[in-house]
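K.L.:
Take a look at the following structure, please.
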Amino acid sequence: MDALFAPEYEELRSVVSSLAEKQIAPHAADVDQNSRYPIEAAKALQDAGLAAAHVPVEYGGQGADALATVIIIEEVARFCAASSLIPAVNKLGSVPVLLAGNSAQKQKYLTALAKGQGFSYCLSESEAGSDAAAMKTKAVKDGSDWVLSGSKKWISNAGISDFYTVLASTDSSKGAKGISAFIVEKSDSGISFGAPEKKMGFKGSPTREVYFDQVRLPADRLLGTEGAGFSLAMQTLDHTRITIAAQAVGIAQGAFEIAKKYAHERKQFGKEIFDFQAVQFMLANMAMQIAAARQLTYAAAVKSERAEADLTFYSAACKCFATDVAMNVTTDAVQVLGGYGYVNDYPVERMMRDAKLTQIYEGTNQIQRLVMARNLETL
Ligand code: CAA
């Protein structure tokens, strides 16, 4: 855990925080209110090498380790959660390539990702959410090609990303063991996108269905081995649920900072509301929960880097814990601001709406508890 205290992580935090405050925060309310893609954030992150910093240096990336990637996502989420999905989704889409891609796939797709082409992840379907292995999208072999048909739902940054890791059944008689992973390109014939979902929060990040109408994929689009896709999808989530925890820590930290400042500015009964113990205890609880969530998230990131045996537990635990903390903290932040918290004069109501999604995506917090329970023996 020495890495937690290495000065370069704090230097990175300071660089990202300053970039996010200057170039991302000023657009966050507009992005939310107009449900528009955060183009300013996308450009700022790409220009600074932070949109997919996890890509290894040999492919033109920054080679950011899991902890550095967490810090990047956390600092962006402090100001704009939707923008923090840019690095998070790019990591989610491309971890399968890092884990299972051959050298030609890594060279092609990771290099393009480092240059700014986005990468999404297509696992969920309308009838296969928590029960991901129940997917109906299928890929059928035709000569050396595969022909992909079906649809995926709730796909973050769909339509924006150039590449998609798609899980599909290649042998429905084998259930989870008959699922394989493919790389699909936006330019492939037969891929199309649904209308953006009208969401409660994360309005700047487009969420769409992705349709595959007989998409013909050459053999070199298969990622890893046939039938190993579900395990690859789960391994991927082990590494990336930590980024959702990071997002949650950032959202909570942003809301806490606003509530603390407001508590000192707002006067009632002749004194700062901070001077009332009822408010002080709320702020103390927020700070305590955030500190615990942050440490658990960083511990999981270090385990991700070292691929430790208890990573699955820690990844689920930090995602579950930090996102519940984000929900509690943002709800209390709205409470501290009272009526001002409930209107969009301040960002805390947006942060509360954003926090809610973190308890749902990349596996609901009920599924995280199931994953933890199944991995208790690794502790
Ligand atoms: N690593 C490697 N292999 C794993 C694994 C892991 N962490 N977890 C499971 N597997 C393997 C198992 O070993 C098993 O193989 P064997 O039979 O050879 O042992 C196989 O996968 C099937 O595993 P299970 O029997 O545990 O599968 P299950 O059907 O019971 O489902 C589940 C497990 C945990 C519930 C899984 O379906 C799940 O995680 N569901 C939630 C899906 C999810 O998180 N979706 C998020 C979508 S992405 C998203 O939301 C992104 C976004 O927008 C930003």
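Each chain in the structure tokens gets a letter, A, B, ..., in the order shown, and its residues are numbered from 1; ligands are numbered from 1 in order too.
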Report as a PyMOL selection string which protein, DNA and RNA residues come within 7 Å of ligand 1, using only C-alpha atoms and all ligand atoms.

P.N.:
chain A and resi 89+121+123-124+129-133+154-156+176-177+230-232+234-235+237-238+312+361-364+367+370-371

K.L.:
Write a file of the selected residues as a short mmCIF file (atom, residue, chain, number, x, y, z; two decimals), in the first residue's frame, keeping N, CA and C atoms.

P.N.:
```
data_model
loop_
_atom_site.label_atom_id
_atom_site.label_comp_id
_atom_site.auth_asym_id
_atom_site.auth_seq_id
_atom_site.Cartn_x
_atom_site.Cartn_y
_atom_site.Cartn_z
N VAL A 89 -15.48 4.83 -19.08
CA VAL A 89 -16.00 3.95 -20.15
C VAL A 89 -14.87 3.50 -21.07
N TYR A 121 -18.62 -0.67 -23.88
CA TYR A 121 -18.72 -2.06 -23.42
C TYR A 121 -20.17 -2.50 -23.52
N LEU A 123 -22.56 -5.38 -22.64
CA LEU A 123 -22.89 -6.64 -21.95
C LEU A 123 -24.41 -6.76 -21.77
N SER A 124 -25.03 -5.73 -21.20
CA SER A 124 -26.45 -5.81 -20.81
C SER A 124 -27.38 -5.83 -22.00
N GLY A 129 -29.97 -8.15 -17.51
CA GLY A 129 -29.28 -7.08 -16.79
C GLY A 129 -28.41 -7.70 -15.70
N SER A 130 -29.01 -7.93 -14.52
CA SER A 130 -28.27 -8.60 -13.45
C SER A 130 -27.88 -10.01 -13.88
N ASP A 131 -28.78 -10.67 -14.60
CA ASP A 131 -28.50 -12.03 -15.09
C ASP A 131 -27.85 -11.91 -16.48
N ALA A 132 -26.60 -11.46 -16.45
CA ALA A 132 -25.92 -11.13 -17.72
C ALA A 132 -25.78 -12.34 -18.64
N ALA A 133 -25.64 -13.52 -18.06
CA ALA A 133 -25.42 -14.72 -18.90
C ALA A 133 -26.66 -15.10 -19.70
N TRP A 154 -28.60 0.02 -22.51
CA TRP A 154 -27.94 0.84 -21.48
C TRP A 154 -26.46 1.03 -21.78
N ILE A 155 -26.11 1.22 -23.02
CA ILE A 155 -24.69 1.29 -23.36
C ILE A 155 -24.19 2.73 -23.26
N SER A 156 -23.29 2.94 -22.31
CA SER A 156 -22.74 4.28 -22.07
C SER A 156 -21.87 4.72 -23.24
N ALA A 176 -23.34 -19.74 -19.84
CA ALA A 176 -22.22 -18.79 -19.66
C ALA A 176 -20.96 -19.26 -20.40
N LYS A 177 -20.79 -20.56 -20.51
CA LYS A 177 -19.57 -21.07 -21.17
C LYS A 177 -19.67 -21.04 -22.70
N PHE A 230 -17.65 -14.83 -21.13
CA PHE A 230 -18.33 -14.43 -19.89
C PHE A 230 -17.32 -14.24 -18.77
N SER A 231 -16.40 -15.17 -18.69
CA SER A 231 -15.36 -15.04 -17.67
C SER A 231 -14.55 -13.75 -17.89
N LEU A 232 -14.28 -13.44 -19.16
CA LEU A 232 -13.55 -12.21 -19.49
C LEU A 232 -14.37 -10.98 -19.08
N MET A 234 -16.55 -10.80 -16.68
CA MET A 234 -16.54 -10.70 -15.21
C MET A 234 -15.18 -10.20 -14.71
N GLN A 235 -14.11 -10.71 -15.32
CA GLN A 235 -12.76 -10.23 -14.93
C GLN A 235 -12.63 -8.74 -15.20
N LEU A 237 -15.02 -6.52 -15.17
CA LEU A 237 -15.75 -5.77 -14.14
C LEU A 237 -14.97 -5.74 -12.82
N ASP A 238 -14.22 -6.80 -12.56
CA ASP A 238 -13.38 -6.79 -11.34
C ASP A 238 -12.44 -5.59 -11.35
N THR A 312 -11.80 -9.65 -6.66
CA THR A 312 -13.24 -9.69 -6.96
C THR A 312 -14.04 -9.17 -5.76
N TYR A 361 -25.49 1.02 -12.01
CA TYR A 361 -24.75 0.45 -13.14
C TYR A 361 -23.44 -0.25 -12.75
N GLU A 362 -22.86 -0.90 -13.72
CA GLU A 362 -21.76 -1.86 -13.51
C GLU A 362 -22.12 -2.87 -12.42
N GLY A 363 -23.39 -3.27 -12.42
CA GLY A 363 -23.89 -4.24 -11.45
C GLY A 363 -24.54 -3.53 -10.29
N THR A 364 -25.82 -3.81 -10.04
CA THR A 364 -26.52 -3.16 -8.93
C THR A 364 -25.80 -3.49 -7.62
N ILE A 367 -26.29 -6.96 -6.58
CA ILE A 367 -25.37 -7.93 -7.23
C ILE A 367 -23.98 -7.85 -6.60
N LEU A 370 -23.97 -9.97 -3.66
CA LEU A 370 -23.94 -11.38 -4.08
C LEU A 370 -22.51 -11.79 -4.45
N VAL A 371 -21.83 -10.92 -5.20
CA VAL A 371 -20.45 -11.21 -5.60
C VAL A 371 -19.55 -11.30 -4.35
#
```

K.L.:
List as a PyMOL selection string the protein and nucleic acid residues near segment 178-191 of chain A, meaning an atom at most 7 Å away when only C-alpha atoms are counted, but skip any in the same chain fewer than 5 places from it.

P.N.:
chain A and resi 162-172+211-215+221-223+226-230

K.L.:
Could you write out, as a PyMOL selection string, all the residues of segment 137-364 of chain A that DSSP marks as strand (DSSP E or B)?

P.N.:
chain A and resi 138-142+145-156+163-169+179-185+191-193+207-217+222-223+267-268+271-272

K.L.:
Those same residues, written as a short mmCIF file (atom, residue, chain, number, x, y, z; two decimals), in the first residue's frame with N, CA and C atoms?

P.N.:
```
data_model
loop_
_atom_site.label_atom_id
_atom_site.label_comp_id
_atom_site.auth_asym_id
_atom_site.auth_seq_id
_atom_site.Cartn_x
_atom_site.Cartn_y
_atom_site.Cartn_z
N LYS A 138 -26.42 -13.04 -30.48
CA LYS A 138 -25.63 -14.22 -30.83
C LYS A 138 -24.69 -13.93 -32.00
N ALA A 139 -23.63 -14.70 -32.04
CA ALA A 139 -22.69 -14.63 -33.16
C ALA A 139 -22.59 -16.04 -33.73
N VAL A 140 -22.83 -16.13 -35.03
CA VAL A 140 -22.84 -17.44 -35.70
C VAL A 140 -21.67 -17.48 -36.67
N LYS A 141 -20.96 -18.59 -36.68
CA LYS A 141 -19.80 -18.72 -37.56
C LYS A 141 -20.26 -18.90 -39.01
N ASP A 142 -19.61 -18.19 -39.92
CA ASP A 142 -19.91 -18.34 -41.35
C ASP A 142 -18.55 -18.33 -42.06
N ASP A 145 -15.64 -16.04 -40.83
CA ASP A 145 -16.27 -14.84 -40.24
C ASP A 145 -17.25 -15.24 -39.14
N TRP A 146 -17.69 -14.19 -38.42
CA TRP A 146 -18.79 -14.33 -37.47
C TRP A 146 -19.89 -13.37 -37.93
N VAL A 147 -21.14 -13.77 -37.74
CA VAL A 147 -22.25 -12.87 -38.07
C VAL A 147 -23.01 -12.59 -36.77
N LEU A 148 -23.00 -11.32 -36.39
CA LEU A 148 -23.53 -10.90 -35.08
C LEU A 148 -24.93 -10.33 -35.24
N SER A 149 -25.87 -10.81 -34.41
CA SER A 149 -27.21 -10.22 -34.46
C SER A 149 -27.81 -10.15 -33.06
N GLY A 150 -28.59 -9.10 -32.83
CA GLY A 150 -29.21 -8.89 -31.52
C GLY A 150 -29.11 -7.43 -31.12
N SER A 151 -29.28 -7.18 -29.84
CA SER A 151 -29.18 -5.78 -29.39
C SER A 151 -28.69 -5.72 -27.96
N LYS A 152 -28.08 -4.61 -27.62
CA LYS A 152 -27.57 -4.37 -26.27
C LYS A 152 -28.22 -3.11 -25.72
N LYS A 153 -28.46 -3.08 -24.40
CA LYS A 153 -29.16 -1.93 -23.81
C LYS A 153 -28.31 -1.26 -22.73
N TRP A 154 -28.60 0.02 -22.51
CA TRP A 154 -27.94 0.84 -21.48
C TRP A 154 -26.46 1.03 -21.78
N ILE A 155 -26.11 1.22 -23.02
CA ILE A 155 -24.69 1.29 -23.36
C ILE A 155 -24.19 2.73 -23.26
N SER A 156 -23.29 2.94 -22.31
CA SER A 156 -22.74 4.28 -22.07
C SER A 156 -21.87 4.72 -23.24
N PHE A 163 -15.35 2.16 -30.93
CA PHE A 163 -15.19 0.71 -30.77
C PHE A 163 -16.08 0.20 -29.64
N TYR A 164 -16.48 -1.08 -29.77
CA TYR A 164 -17.40 -1.69 -28.81
C TYR A 164 -16.93 -3.11 -28.51
N THR A 165 -16.72 -3.41 -27.25
CA THR A 165 -16.52 -4.81 -26.88
C THR A 165 -17.91 -5.39 -26.67
N VAL A 166 -18.24 -6.41 -27.45
CA VAL A 166 -19.60 -6.96 -27.43
C VAL A 166 -19.55 -8.42 -26.99
N LEU A 167 -20.35 -8.75 -25.99
CA LEU A 167 -20.47 -10.13 -25.54
C LEU A 167 -21.66 -10.76 -26.26
N ALA A 168 -21.45 -11.94 -26.81
CA ALA A 168 -22.52 -12.59 -27.56
C ALA A 168 -22.43 -14.10 -27.36
N SER A 169 -23.59 -14.73 -27.46
CA SER A 169 -23.63 -16.18 -27.32
C SER A 169 -23.17 -16.82 -28.62
N ILE A 179 -20.46 -18.15 -24.24
CA ILE A 179 -20.43 -16.70 -24.56
C ILE A 179 -19.02 -16.31 -24.98
N SER A 180 -18.93 -15.50 -26.04
CA SER A 180 -17.63 -15.05 -26.54
C SER A 180 -17.62 -13.53 -26.66
N ALA A 181 -16.43 -12.97 -26.69
CA ALA A 181 -16.29 -11.50 -26.77
C ALA A 181 -15.75 -11.10 -28.15
N PHE A 182 -16.29 -10.02 -28.67
CA PHE A 182 -15.89 -9.52 -30.00
C PHE A 182 -15.62 -8.03 -29.93
N ILE A 183 -14.78 -7.57 -30.85
CA ILE A 183 -14.62 -6.13 -31.03
C ILE A 183 -15.45 -5.74 -32.25
N VAL A 184 -16.35 -4.77 -32.06
CA VAL A 184 -17.15 -4.27 -33.17
C VAL A 184 -16.79 -2.80 -33.38
N GLU A 185 -16.69 -2.40 -34.63
CA GLU A 185 -16.35 -1.01 -34.93
C GLU A 185 -17.62 -0.26 -35.34
N ILE A 191 -24.48 -2.05 -37.83
CA ILE A 191 -24.58 -1.55 -36.44
C ILE A 191 -25.35 -0.23 -36.46
N SER A 192 -26.29 -0.07 -35.52
CA SER A 192 -27.01 1.22 -35.41
C SER A 192 -27.34 1.47 -33.94
N PHE A 193 -27.82 2.67 -33.67
CA PHE A 193 -28.00 3.10 -32.28
C PHE A 193 -29.41 3.63 -32.05
N THR A 207 -26.65 7.44 -23.28
CA THR A 207 -26.91 6.01 -23.04
C THR A 207 -27.90 5.58 -24.11
N ARG A 208 -27.51 4.63 -24.94
CA ARG A 208 -28.38 4.22 -26.04
C ARG A 208 -28.40 2.70 -26.15
N GLU A 209 -29.39 2.22 -26.89
CA GLU A 209 -29.35 0.83 -27.30
C GLU A 209 -28.41 0.73 -28.49
N VAL A 210 -27.83 -0.45 -28.66
CA VAL A 210 -26.99 -0.71 -29.84
C VAL A 210 -27.58 -1.93 -30.53
N TYR A 211 -27.85 -1.79 -31.83
CA TYR A 211 -28.46 -2.87 -32.60
C TYR A 211 -27.44 -3.47 -33.56
N PHE A 212 -27.48 -4.77 -33.66
CA PHE A 212 -26.59 -5.49 -34.59
C PHE A 212 -27.46 -6.27 -35.56
N ASP A 213 -27.46 -5.83 -36.79
CA ASP A 213 -28.28 -6.48 -37.81
C ASP A 213 -27.34 -7.22 -38.78
N GLN A 214 -27.11 -8.48 -38.45
CA GLN A 214 -26.24 -9.31 -39.31
C GLN A 214 -24.89 -8.61 -39.54
N VAL A 215 -24.25 -8.20 -38.48
CA VAL A 215 -22.94 -7.53 -38.60
C VAL A 215 -21.87 -8.60 -38.85
N ARG A 216 -21.22 -8.50 -39.98
CA ARG A 216 -20.21 -9.50 -40.36
C ARG A 216 -18.86 -9.08 -39.78
N LEU A 217 -18.29 -9.97 -38.98
CA LEU A 217 -17.01 -9.68 -38.32
C LEU A 217 -15.95 -10.67 -38.78
N LEU A 222 -12.60 -11.68 -32.86
CA LEU A 222 -12.86 -12.47 -31.66
C LEU A 222 -11.79 -12.12 -30.63
N LEU A 223 -12.22 -11.81 -29.41
CA LEU A 223 -11.29 -11.45 -28.34
C LEU A 223 -11.07 -12.66 -27.46
N LYS A 267 -26.40 32.05 7.46
CA LYS A 267 -26.65 32.41 8.85
C LYS A 267 -28.14 32.31 9.15
N GLN A 268 -28.47 31.67 10.25
CA GLN A 268 -29.84 31.61 10.75
C GLN A 268 -29.77 31.74 12.27
N LYS A 271 -26.41 33.12 13.69
CA LYS A 271 -25.07 32.52 13.57
C LYS A 271 -25.01 31.57 12.38
N GLU A 272 -23.75 31.21 12.03
CA GLU A 272 -23.57 30.26 10.92
C GLU A 272 -24.31 28.96 11.24
#
```

K.L.:
Which of these, A:Ala301, A:Leu283, A:Ala82, A:Ala66, has the shortest distance to Ile39 of chain A once you count only C-alpha atoms?

P.N.:
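Ranked by minimum distance to Ile39 of chain A, first place goes to A:Ala82.
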
K.L.:
May I have the residues within 10 Å of Arg350 of chain A as a PDB file with C-alpha atoms, in the first residue's frame, using only C-alpha atoms and disregarding those fewer than 6 positions away in the same chain?

P.N.:
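Saved the output as selection_17.pdb:
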```pdb
ATOM      1  CA  ALA A  28     -21.233  20.963 -15.963  1.00  0.00           C
ATOM      2  CA  ALA A  29     -24.605  22.644 -15.309  1.00  0.00           C
ATOM      3  CA  ASP A  32     -26.788  18.522 -17.408  1.00  0.00           C
ATOM      4  CA  GLN A  33     -29.573  20.961 -18.211  1.00  0.00           C
ATOM      5  CA  CYS A  80     -18.929  16.699 -13.453  1.00  0.00           C
ATOM      6  CA  ALA A  81     -19.844  13.039 -13.086  1.00  0.00           C
ATOM      7  CA  MET A 200     -32.551  11.162 -14.146  1.00  0.00           C
ATOM      8  CA  GLY A 201     -28.857  12.041 -13.993  1.00  0.00           C
ATOM      9  CA  PHE A 202     -25.591  11.614 -15.884  1.00  0.00           C
ATOM     10  CA  LYS A 203     -27.417  13.516 -18.595  1.00  0.00           C
ATOM     11  CA  ILE A 251     -19.320  13.002  -6.496  1.00  0.00           C
ATOM     12  CA  ALA A 255     -21.161  17.644  -2.647  1.00  0.00           C
ATOM     13  CA  THR A 330     -25.336  13.935  -1.667  1.00  0.00           C
ATOM     14  CA  VAL A 334     -29.109  18.761  -0.316  1.00  0.00           C
ATOM     15  CA  GLY A 341     -30.202  22.453  -2.307  1.00  0.00           C
ATOM     16  CA  TYR A 342     -33.413  21.387  -3.980  1.00  0.00           C
ATOM     17  CA  VAL A 343     -33.181  23.874  -6.850  1.00  0.00           C
ATOM     18  CA  ASN A 344     -30.464  23.976  -9.457  1.00  0.00           C
TER      19      ASN A 344
END
```

K.L.:
Taking only C-alpha atoms into account, name the residue in A:Ile71, A:Val76, A:Ala6, A:Leu337 that is nearest to Ser18 of chain A.

P.N.:
A:Val76

K.L.:
From the options A:Tyr37, A:Tyr314, A:Tyr262, A:Tyr9, which residue's atoms come nearest to Pro206 of chain A, counting only C-alpha atoms?

P.N.:
A:Tyr37

K.L.:
Name the closest residue to Ala373 of chain A among the candidates A:Phe313, A:Arg294, A:Phe321, A:Ala48; distances are taken between atoms, counting only C-alpha atoms.

P.N.:
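For Ala373 of chain A, the nearest of the given residues is A:Phe313.
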
K.L.:
Between atom CA of Phe281 of chain A and atom CA of Ser17 of chain A, what is the distance, to one decimal in Å?

P.N.:
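These atoms are spaced 27.2 Å apart.
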
K.L.:
Residues of segment 138-372 of chain A classed as helix (DSSP H, G or I) by DSSP on the backbone are to be reported as JSON, numbers by chain.

P.N.:
{"A": [172, 173, 174, 175, 176, 177, 178, 219, 220, 221, 229, 230, 231, 232, 233, 234, 235, 236, 237, 238, 239, 240, 241, 242, 243, 244, 245, 246, 247, 248, 249, 250, 251, 252, 253, 254, 255, 256, 257, 258, 259, 260, 261, 262, 263, 264, 265, 273, 274, 275, 277, 278, 279, 280, 281, 282, 283, 284, 285, 286, 287, 288, 289, 290, 291, 292, 293, 294, 295, 296, 297, 298, 299, 300, 301, 302, 303, 304, 305, 306, 311, 312, 313, 314, 315, 316, 317, 318, 319, 320, 321, 322, 323, 324, 325, 326, 327, 328, 329, 330, 331, 332, 333, 334, 335, 336, 337, 339, 340, 341, 342, 348, 349, 350, 351, 352, 353, 354, 355, 356, 357, 358, 365, 366, 367, 368, 369, 370, 371, 372]}

K.L.:
Can you measure atom CA of Ala316 of chain A to atom CA of Ala20 of chain A for me? One decimal in Å is fine.

P.N.:
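Atom CA of Ala316 of chain A sits 27.3 Å away from atom CA of Ala20 of chain A.
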